[in-house]
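Student: I'm passing along final22.txt; it holds compact mmCIF, C-alpha atoms.
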```txt
# COMPACT_ATOMS: atom_id res chain seq x y z
CA MET A 8 -140.85 60.85 -105.51
CA TYR A 9 -139.53 64.00 -107.16
CA PHE A 10 -136.20 62.29 -107.62
CA PHE A 11 -137.91 59.44 -109.41
CA GLN A 12 -139.87 61.79 -111.65
CA PHE A 13 -136.70 63.62 -112.47
CA TYR A 14 -135.02 60.57 -113.86
CA SER A 15 -137.99 58.81 -115.34
CA LYS A 16 -138.46 61.56 -117.92
CA ASN A 17 -135.71 60.72 -120.34
CA ALA A 18 -135.75 63.94 -122.30
CA LEU A 19 -135.58 66.05 -119.18
CA SER A 20 -132.73 64.14 -117.61
CA MET A 21 -130.70 64.22 -120.84
CA LYS A 22 -131.19 67.97 -121.05
CA THR A 23 -130.30 68.35 -117.39
CA LEU A 24 -127.19 66.27 -117.90
CA LYS A 25 -126.06 68.52 -120.75
CA TYR A 26 -126.35 71.62 -118.56
CA LEU A 27 -124.53 69.83 -115.75
CA ILE A 28 -121.65 68.79 -118.01
CA THR A 29 -121.40 72.27 -119.55
CA GLY A 30 -121.35 73.71 -116.02
CA ILE A 31 -118.59 71.32 -114.93
CA ALA A 32 -116.53 72.31 -117.97
CA PHE A 33 -117.16 75.99 -117.16
CA GLY A 34 -116.05 75.45 -113.54
CA ILE A 35 -112.88 73.60 -114.53
CA ILE A 36 -111.99 76.35 -117.03
CA MET A 37 -112.72 79.13 -114.52
CA PHE A 38 -110.42 77.50 -111.97
CA LYS A 39 -107.63 76.34 -114.25
CA SER A 40 -107.51 79.56 -116.29
CA GLU A 41 -107.14 81.36 -112.94
CA ALA A 42 -110.07 83.66 -113.82
CA ALA A 43 -111.40 82.64 -110.39
CA SER A 44 -108.28 83.98 -108.65
CA TRP A 45 -108.60 87.20 -106.65
CA PHE A 46 -104.97 87.89 -107.56
CA ARG A 47 -105.72 87.83 -111.31
CA ILE A 48 -108.60 90.27 -110.89
CA PHE A 49 -106.38 92.66 -108.92
CA GLU A 50 -103.66 92.32 -111.57
CA MET A 51 -106.22 93.02 -114.31
CA PHE A 52 -107.27 96.29 -112.65
CA GLN A 53 -103.58 97.24 -112.40
CA PHE A 54 -103.14 96.61 -116.16
CA ASP A 55 -100.03 94.64 -115.22
CA SER A 56 -100.71 91.57 -117.32
CA PHE A 57 -102.50 90.45 -120.45
CA HIS A 58 -103.77 87.31 -118.69
CA MET A 59 -107.39 88.26 -117.87
CA TYR A 60 -107.79 90.32 -121.03
CA GLY A 61 -106.67 87.26 -122.97
CA ILE A 62 -109.32 85.09 -121.29
CA ILE A 63 -112.15 87.60 -121.73
CA GLY A 64 -110.95 88.53 -125.23
CA SER A 65 -110.79 84.95 -126.49
CA ALA A 66 -114.23 84.18 -124.98
CA LEU A 67 -115.52 87.30 -126.71
CA ALA A 68 -113.99 86.32 -130.07
CA THR A 69 -115.54 82.85 -129.80
CA GLY A 70 -118.88 84.45 -128.89
CA VAL A 71 -118.83 86.92 -131.79
CA ILE A 72 -118.06 84.17 -134.31
CA GLY A 73 -120.62 81.81 -132.76
CA ILE A 74 -123.42 84.37 -132.73
CA GLN A 75 -122.68 85.46 -136.31
CA LEU A 76 -122.77 81.81 -137.45
CA ILE A 77 -126.06 81.24 -135.59
CA LYS A 78 -127.62 84.33 -137.18
CA ARG A 79 -126.32 83.94 -140.72
CA LEU A 80 -126.76 80.19 -141.06
CA LYS A 81 -129.99 80.28 -138.99
CA LEU A 82 -128.63 77.47 -136.83
CA LYS A 83 -131.04 75.66 -134.53
CA SER A 84 -130.50 74.40 -131.00
CA LEU A 85 -129.87 70.70 -130.32
CA SER A 86 -133.57 70.21 -129.66
CA GLY A 87 -134.38 71.79 -133.02
CA GLU A 88 -135.68 75.14 -131.79
CA GLU A 89 -134.82 78.45 -133.39
CA ILE A 90 -132.20 80.38 -131.39
CA ILE A 91 -133.44 83.87 -130.54
CA ILE A 92 -131.21 86.26 -128.60
CA PRO A 93 -133.46 88.93 -127.10
CA PRO A 94 -131.97 92.44 -127.24
CA LYS A 95 -131.28 94.11 -123.88
CA ALA A 96 -133.73 96.85 -122.87
CA LYS A 97 -132.73 100.34 -124.00
CA GLY A 98 -131.40 102.94 -121.57
CA TRP A 99 -128.13 103.56 -119.79
CA LYS A 100 -128.69 104.45 -116.14
CA ASN A 101 -129.21 100.97 -114.76
CA TYR A 102 -126.34 99.61 -116.87
CA LEU A 103 -123.90 102.31 -115.76
CA PHE A 104 -124.91 102.60 -112.09
CA GLY A 105 -125.41 98.86 -111.65
CA GLY A 106 -122.19 98.22 -113.53
CA ILE A 107 -120.20 100.53 -111.25
CA LEU A 108 -121.61 98.90 -108.11
CA PHE A 109 -120.85 95.46 -109.52
CA GLY A 110 -117.32 96.59 -110.40
CA LEU A 111 -116.70 97.79 -106.84
CA GLY A 112 -117.71 94.37 -105.55
CA TRP A 113 -115.72 92.56 -108.24
CA GLY A 114 -112.59 94.50 -107.29
CA LEU A 115 -113.05 93.88 -103.56
CA ALA A 116 -114.23 90.26 -103.44
CA GLY A 117 -112.19 89.44 -106.56
CA ALA A 118 -114.88 87.13 -107.86
CA CYS A 119 -117.90 87.53 -110.11
CA PRO A 120 -120.89 85.16 -109.71
CA GLY A 121 -119.51 82.24 -111.80
CA PRO A 122 -116.19 81.97 -109.93
CA ILE A 123 -117.99 82.35 -106.58
CA PHE A 124 -119.66 78.98 -107.26
CA THR A 125 -116.44 77.45 -108.59
CA LEU A 126 -114.38 78.57 -105.58
CA ILE A 127 -116.90 77.04 -103.17
CA GLY A 128 -116.46 73.74 -105.01
CA ALA A 129 -112.69 74.16 -104.85
CA GLY A 130 -112.98 74.27 -101.07
CA PHE A 131 -112.62 77.99 -100.31
CA LEU A 132 -115.39 78.14 -97.72
CA PRO A 133 -115.37 81.93 -97.06
CA LEU A 134 -116.93 82.25 -100.52
CA ILE A 135 -120.13 80.80 -99.04
CA LEU A 136 -120.40 84.06 -97.09
CA VAL A 137 -119.79 86.04 -100.30
CA LEU A 138 -122.51 84.04 -102.06
CA ALA A 139 -124.96 84.59 -99.20
CA PHE A 140 -124.41 88.34 -99.31
CA ALA A 141 -124.56 88.40 -103.11
CA THR A 142 -127.97 86.73 -102.85
CA LEU A 143 -128.97 89.28 -100.20
CA GLY A 144 -127.76 92.09 -102.50
CA THR A 145 -129.93 90.75 -105.31
CA PHE A 146 -132.88 90.56 -102.91
CA VAL A 147 -132.40 94.15 -101.73
CA TYR A 148 -132.19 95.28 -105.37
CA GLY A 149 -135.51 93.54 -106.02
CA VAL A 150 -137.11 95.41 -103.12
CA LEU A 151 -135.63 98.81 -104.02
CA ARG A 152 -136.11 98.40 -107.78
CA PRO A 153 -139.19 100.65 -108.09
CA LYS A 154 -137.27 103.52 -106.44
CA LEU A 155 -134.06 103.25 -108.48
CA PRO A 156 -133.34 105.12 -111.74
CA HIS A 157 -133.46 102.78 -114.73
CA MET B 257 -124.48 83.39 -113.96
CA SER B 258 -125.88 86.21 -111.82
CA GLY B 259 -129.40 85.19 -112.89
CA ASN B 260 -128.98 82.31 -110.45
CA LEU B 261 -128.95 84.77 -107.55
CA ARG B 262 -132.40 85.99 -108.62
CA ILE B 263 -133.60 82.41 -109.03
CA MET B 264 -132.32 81.62 -105.53
CA CYS B 265 -134.20 84.65 -104.14
CA ALA B 266 -137.39 83.46 -105.83
CA ALA B 267 -136.88 79.87 -104.67
CA LEU B 268 -136.33 81.12 -101.10
CA SER B 269 -139.80 82.71 -101.12
CA GLY B 270 -138.62 86.16 -102.26
CA ASP B 271 -141.83 86.26 -104.32
CA LYS B 272 -143.67 87.09 -101.11
CA ALA B 273 -141.61 90.27 -100.70
CA CYS B 274 -141.86 91.88 -104.14
CA ASP B 275 -142.90 91.46 -107.76
CA PHE B 276 -139.34 91.18 -109.01
CA PHE B 277 -139.13 87.64 -107.65
CA ARG B 278 -142.61 86.64 -108.82
CA PHE B 279 -141.71 84.63 -111.93
CA ASP B 280 -141.62 81.00 -112.96
CA TRP B 281 -138.17 80.24 -111.59
CA LYS B 282 -138.65 76.49 -112.09
CA ALA B 283 -138.56 77.14 -115.83
CA GLN B 284 -134.99 78.38 -115.29
CA ARG B 285 -133.87 75.38 -113.27
CA TRP B 286 -131.38 74.62 -116.07
CA ASN B 287 -129.40 77.66 -114.88
CA LEU B 288 -129.18 76.28 -111.35
CA VAL B 289 -128.02 72.96 -112.80
CA PHE B 290 -125.30 74.88 -114.64
CA ALA B 291 -124.25 76.59 -111.37
CA LEU B 292 -124.16 73.20 -109.64
CA GLY B 293 -121.88 72.07 -112.47
CA ALA B 294 -119.66 75.13 -111.88
CA ILE B 295 -119.31 74.07 -108.22
CA LEU B 296 -118.48 70.47 -109.19
CA GLY B 297 -116.05 71.74 -111.83
CA GLY B 298 -114.22 73.75 -109.16
CA PHE B 299 -113.97 70.62 -107.01
CA VAL B 300 -112.71 68.46 -109.88
CA ALA B 301 -110.17 71.10 -110.98
CA ALA B 302 -108.79 71.69 -107.47
CA GLU B 303 -108.78 68.03 -106.34
CA PHE B 304 -107.81 66.10 -109.44
CA LEU B 305 -106.37 68.47 -112.01
CA SER B 306 -103.97 70.59 -109.95
CA THR B 307 -100.70 69.97 -108.17
CA ASP B 308 -99.65 73.56 -107.44
CA THR B 309 -102.40 76.16 -107.45
CA SER B 310 -100.09 79.16 -106.97
CA VAL B 311 -101.10 81.96 -109.29
CA VAL B 312 -97.96 83.40 -110.85
CA ILE B 313 -98.87 87.06 -111.15
CA THR B 314 -96.35 89.66 -112.32
CA GLU B 315 -93.63 91.01 -110.02
CA GLY B 316 -95.06 94.52 -110.20
CA THR B 317 -98.44 93.30 -108.94
CA ILE B 318 -96.79 91.33 -106.11
CA GLU B 319 -94.96 94.48 -104.98
CA LYS B 320 -98.14 96.57 -104.99
CA LEU B 321 -99.95 93.86 -103.00
CA THR B 322 -97.17 93.81 -100.39
CA GLN B 323 -97.80 97.50 -99.74
CA TYR B 324 -101.40 96.64 -98.84
CA GLY B 325 -100.30 93.80 -96.55
CA PHE B 326 -101.01 90.93 -98.96
CA THR B 327 -97.85 88.88 -98.56
CA ASP B 328 -98.73 85.73 -100.51
CA GLY B 329 -98.93 87.16 -104.03
CA GLY B 330 -97.47 84.62 -106.48
CA THR B 331 -97.63 81.74 -103.99
CA ALA B 332 -101.37 81.14 -103.47
CA TYR B 333 -104.64 80.94 -105.40
CA LEU B 334 -106.48 83.38 -103.11
CA PRO B 335 -105.00 85.76 -100.51
CA GLU B 336 -104.88 84.40 -96.95
CA LYS B 337 -105.66 87.87 -95.64
CA LEU B 338 -109.21 87.65 -97.00
CA PHE B 339 -110.02 84.00 -97.63
CA SER B 340 -108.31 81.81 -95.02
CA LEU B 341 -110.48 80.28 -92.33
CA ASP B 342 -108.47 82.20 -89.74
CA ALA B 343 -109.33 85.45 -91.49
CA LEU B 344 -112.99 84.63 -90.91
CA ALA B 345 -112.43 85.18 -87.19
CA ASP B 346 -111.67 88.84 -87.95
CA PRO B 347 -114.84 90.98 -88.01
CA TYR B 348 -113.22 93.49 -90.40
CA THR B 349 -112.49 90.76 -92.96
CA LEU B 350 -116.03 89.42 -92.61
CA LEU B 351 -117.35 92.92 -93.23
CA LEU B 352 -115.23 93.33 -96.38
CA LEU B 353 -116.35 89.97 -97.80
CA ALA B 354 -119.98 90.76 -96.97
CA ILE B 355 -119.80 94.19 -98.63
CA GLY B 356 -118.02 92.76 -101.67
CA GLY B 357 -120.62 90.01 -102.07
CA PHE B 358 -123.50 92.41 -101.53
CA LEU B 359 -122.21 94.78 -104.23
CA VAL B 360 -121.71 91.90 -106.67
CA GLY B 361 -125.28 90.72 -106.14
CA PHE B 362 -126.93 94.14 -106.07
CA GLY B 363 -124.88 95.60 -108.93
CA SER B 364 -125.18 92.66 -111.29
CA ARG B 365 -128.97 92.55 -110.97
CA TYR B 366 -129.27 96.35 -111.28
CA ALA B 367 -127.11 96.20 -114.41
CA GLY B 368 -129.07 93.20 -115.69
CA GLY B 369 -126.06 90.89 -115.87
CA CYS B 370 -122.50 90.18 -114.78
CA THR B 371 -119.29 89.31 -116.57
CA SER B 372 -120.84 86.37 -118.39
CA GLY B 373 -124.10 88.11 -119.37
CA HIS B 374 -122.66 91.47 -120.43
CA ALA B 375 -118.88 91.26 -120.98
CA ILE B 376 -119.07 87.99 -122.89
CA SER B 377 -122.61 87.25 -124.17
CA GLY B 378 -123.86 90.83 -124.57
CA LEU B 379 -120.71 92.23 -126.15
CA SER B 380 -120.53 89.19 -128.45
CA ASP B 381 -123.91 90.27 -129.79
CA PHE B 382 -122.75 93.93 -130.11
CA GLN B 383 -125.33 95.19 -127.61
CA LEU B 384 -124.76 98.80 -126.56
CA PRO B 385 -126.27 98.31 -123.06
CA SER B 386 -123.65 95.62 -122.42
CA LEU B 387 -120.84 97.97 -123.45
CA ILE B 388 -122.18 100.59 -121.01
CA ALA B 389 -122.35 97.93 -118.26
CA VAL B 390 -118.78 96.75 -118.94
CA ILE B 391 -117.53 100.36 -118.82
CA GLY B 392 -119.32 100.58 -115.45
CA PHE B 393 -117.62 97.32 -114.29
CA PHE B 394 -114.24 98.89 -114.98
CA ILE B 395 -115.04 102.28 -113.46
CA GLY B 396 -116.10 100.46 -110.27
CA GLY B 397 -113.21 97.98 -110.26
CA LEU B 398 -110.55 100.60 -110.96
CA PHE B 399 -111.98 102.91 -108.29
CA MET B 400 -111.98 100.09 -105.74
CA VAL B 401 -108.45 98.94 -106.42
CA HIS B 402 -106.76 102.33 -106.94
CA VAL B 403 -108.72 104.68 -104.67
CA LEU B 404 -110.37 102.54 -101.98
CA PHE B 405 -107.70 99.84 -101.43
CA PRO B 406 -105.25 102.38 -99.91
CA ILE B 407 -108.01 103.31 -97.43
CA LEU B 408 -109.34 99.80 -96.76
CA PHE B 409 -106.01 97.97 -96.41
```
Would you write the structure of this file as C-alpha cells?
Tutor:
Amino acid sequence: MYFFQFYSKNALSMKTLKYLITGIAFGIIMFKSEAASWFRIFEMFQFDSFHMYGIIGSALATGVIGIQLIKRLKLKSLSGEEIIIPPKAKGWKNYLFGGILFGLGWGLAGACPGPIFTLIGAGFLPLILVLAFATLGTFVYGVLRPKLPH
Amino acid sequence: MSGNLRIMCAALSGDKACDFFRFDWKAQRWNLVFALGAILGGFVAAEFLSTDTSVVITEGTIEKLTQYGFTDGGTAYLPEKLFSLDALADPYTLLLLAIGGFLVGFGSRYAGGCTSGHAISGLSDFQLPSLIAVIGFFIGGLFMVHVLFPILF
C-alpha cells in the first residue's frame, strides 16, 4: 500500500528519483576517486600525497563558487523555492571536541559516513559493523548530549 | 551524510530514549534516499566501472604501512588486516572497527556534521564553526595515525 502511494504521487517520486540519482553519482565518485579507500585516508594524514587534498579542495572550490552564485544571483531550487543556508550555531566546544573524536574514528576506520555507505555497496561487508557502531555512537551522543559541553 | 545516522536512530525508535531523536525524521527521508543512492553507487562503481581496484598510494606510505603490519598497500582498495572477512574472526579487529565506527558516529553528531557537512558544505559557506570542526578532524586524525597507530598495530 505504501509502495503504491509512493509511486502514485508523481511529484514525490520525481523528487525521490533526483535524490537517488544524485546519491548514485556521489557513491560512484567516492569509490572511483578513491576517497573511500582507507589507504588514501592514511596517506592524507601522512601528508604523503596531494590526492585527498585535491579531492576535498576541488569540492570546496566548486562549493564556494556555487554558494556565491546562489547568493548573488538569488538562484532558486528546481522546485522554485528560495535557497536558504542556515548558519551553524555559534560556539566552539562541540565543534572542536566532536571534531577531534570524529577525526580519531576517521583515522582508524578510514571512512567517514558517506564512504561507509558506498563501501557496503561495493561489497566490503565489515563496513556494516562500522555503520552499526556509528549509529550506536550517534545514539549515545543523543543520550549524553545534555551532559556534554557545547 | 552523518545526519542519516541520526535519522536512523529516530526511525529505530530512538525518540523513546531522548529528545534528541524526537523530530520529524520522515521529512528528511530524502537524505536516506541519497544514502541508498551512495550504496548503489558503490555497487555500480565496483561491479561495472572497475577492473583493478588497487589504490596506488605513494612508496613512502607503503613503507610506513609495512611497519604496522599492513602488507597490501598499493595492491588493494582496503587493507586485508582490517576489512577482510577472515579479519572479522579476530576479536581485536572487531574491537578496532567497532571503536572506529563509534567515534565516527559520536564525533560527527557532537560536532554537528562530518566531512560533507563541515569540510565541504560549511567551509564553502565560510562558516567559522565548520573551520573549527575541520581543525578538530585533523587533530584527531593526525593523533590517531601518528601517536596511536604505533600502539594499536
Student: Using only C-alpha atoms, which of A:Leu24, A:Ile91, A:Val71, A:Leu155 sits nearest chain B?
Tutor: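 Among the listed residues, the smallest separation from chain B belongs to A:Val71.
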Student: Write out as a PDB file with C-alpha atoms, in the frame of the given file the residues lying within 9 Å of Glu41 of chain A, counting only C-alpha atoms and excluding same-chain residues fewer than 2 positions away.
Tutor:
```pdb
ATOM      1  CA  ILE A  36    -111.990  76.350-117.030  1.00  0.00           C
ATOM      2  CA  MET A  37    -112.720  79.130-114.520  1.00  0.00           C
ATOM      3  CA  PHE A  38    -110.420  77.500-111.970  1.00  0.00           C
ATOM      4  CA  LYS A  39    -107.630  76.340-114.250  1.00  0.00           C
ATOM      5  CA  ALA A  43    -111.400  82.640-110.390  1.00  0.00           C
ATOM      6  CA  SER A  44    -108.280  83.980-108.650  1.00  0.00           C
ATOM      7  CA  TRP A  45    -108.600  87.200-106.650  1.00  0.00           C
ATOM      8  CA  PHE A  46    -104.970  87.890-107.560  1.00  0.00           C
ATOM      9  CA  ARG A  47    -105.720  87.830-111.310  1.00  0.00           C
ATOM     10  CA  HIS A  58    -103.770  87.310-118.690  1.00  0.00           C
ATOM     11  CA  MET A  59    -107.390  88.260-117.870  1.00  0.00           C
TER      12      MET A  59
ATOM     13  CA  THR B 309    -102.400  76.160-107.450  1.00  0.00           C
ATOM     14  CA  VAL B 311    -101.100  81.960-109.290  1.00  0.00           C
ATOM     15  CA  TYR B 333    -104.640  80.940-105.400  1.00  0.00           C
TER      16      TYR B 333
END
```
Student: With all atoms listed in the file as the atoms that count, which of A:Leu85, A:Ile92, A:Ala42, A:Ala116 lies nearest to chain B?
Tutor: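 For chain B, the nearest of the given residues is A:Ala116.
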Student: Which of these residues is nearest to Ala291 of chain B, using only C-alpha atoms: B:Leu379, B:Cys274, B:Ala266, B:Met257?
Tutor: B:Met257
Student: With all atoms listed in the file as the atoms that count, which of A:Ile62, A:Leu80, A:Ile35, A:Leu132 lies nearest to chain B?
Tutor: A:Ile35
Student: Mind pulling up the distance from atom CA of Ala354 of chain B to atom CA of Phe409 of chain B?
Tutor: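 Atom CA of Ala354 of chain B lies at a distance of 15.7 Å from atom CA of Phe409 of chain B.
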Student: Compare B:Ala267, B:Val401, B:Ile407, B:Val390 by their minimum atom-to-atom distance to Leu321 of chain B, counting only C-alpha atoms, and give me the closest one.
Tutor: B:Val401
Student: Could you jot down the atom CA of Trp99 of chain A to atom CA of His157 of chain A separation for me, Å, one decimal place?
Tutor: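 Straight-line distance from atom CA of Trp99 of chain A to atom CA of His157 of chain A works out to 7.4 Å.
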Student: Got a sec: who's within 8 Å of Phe339 of chain B, counting all atoms listed in the file, leaving out chain neighbours fewer than 6 positions off, as a PyMOL selection string?
Tutor: chain A and resi 131-134
Student: Which is closest to Leu126 of chain A among A:Met51, A:Ser20, A:Ala32, A:Leu138, if we use only C-alpha atoms?
Tutor: A:Leu138
Student: Suppose you want the space between atom CA of Lys78 of chain A and atom CA of Ile90 of chain A; what is it in Å?
Tutor: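 Atom-to-atom, atom CA of Lys78 of chain A to atom CA of Ile90 of chain A, that is 8.4 Å.
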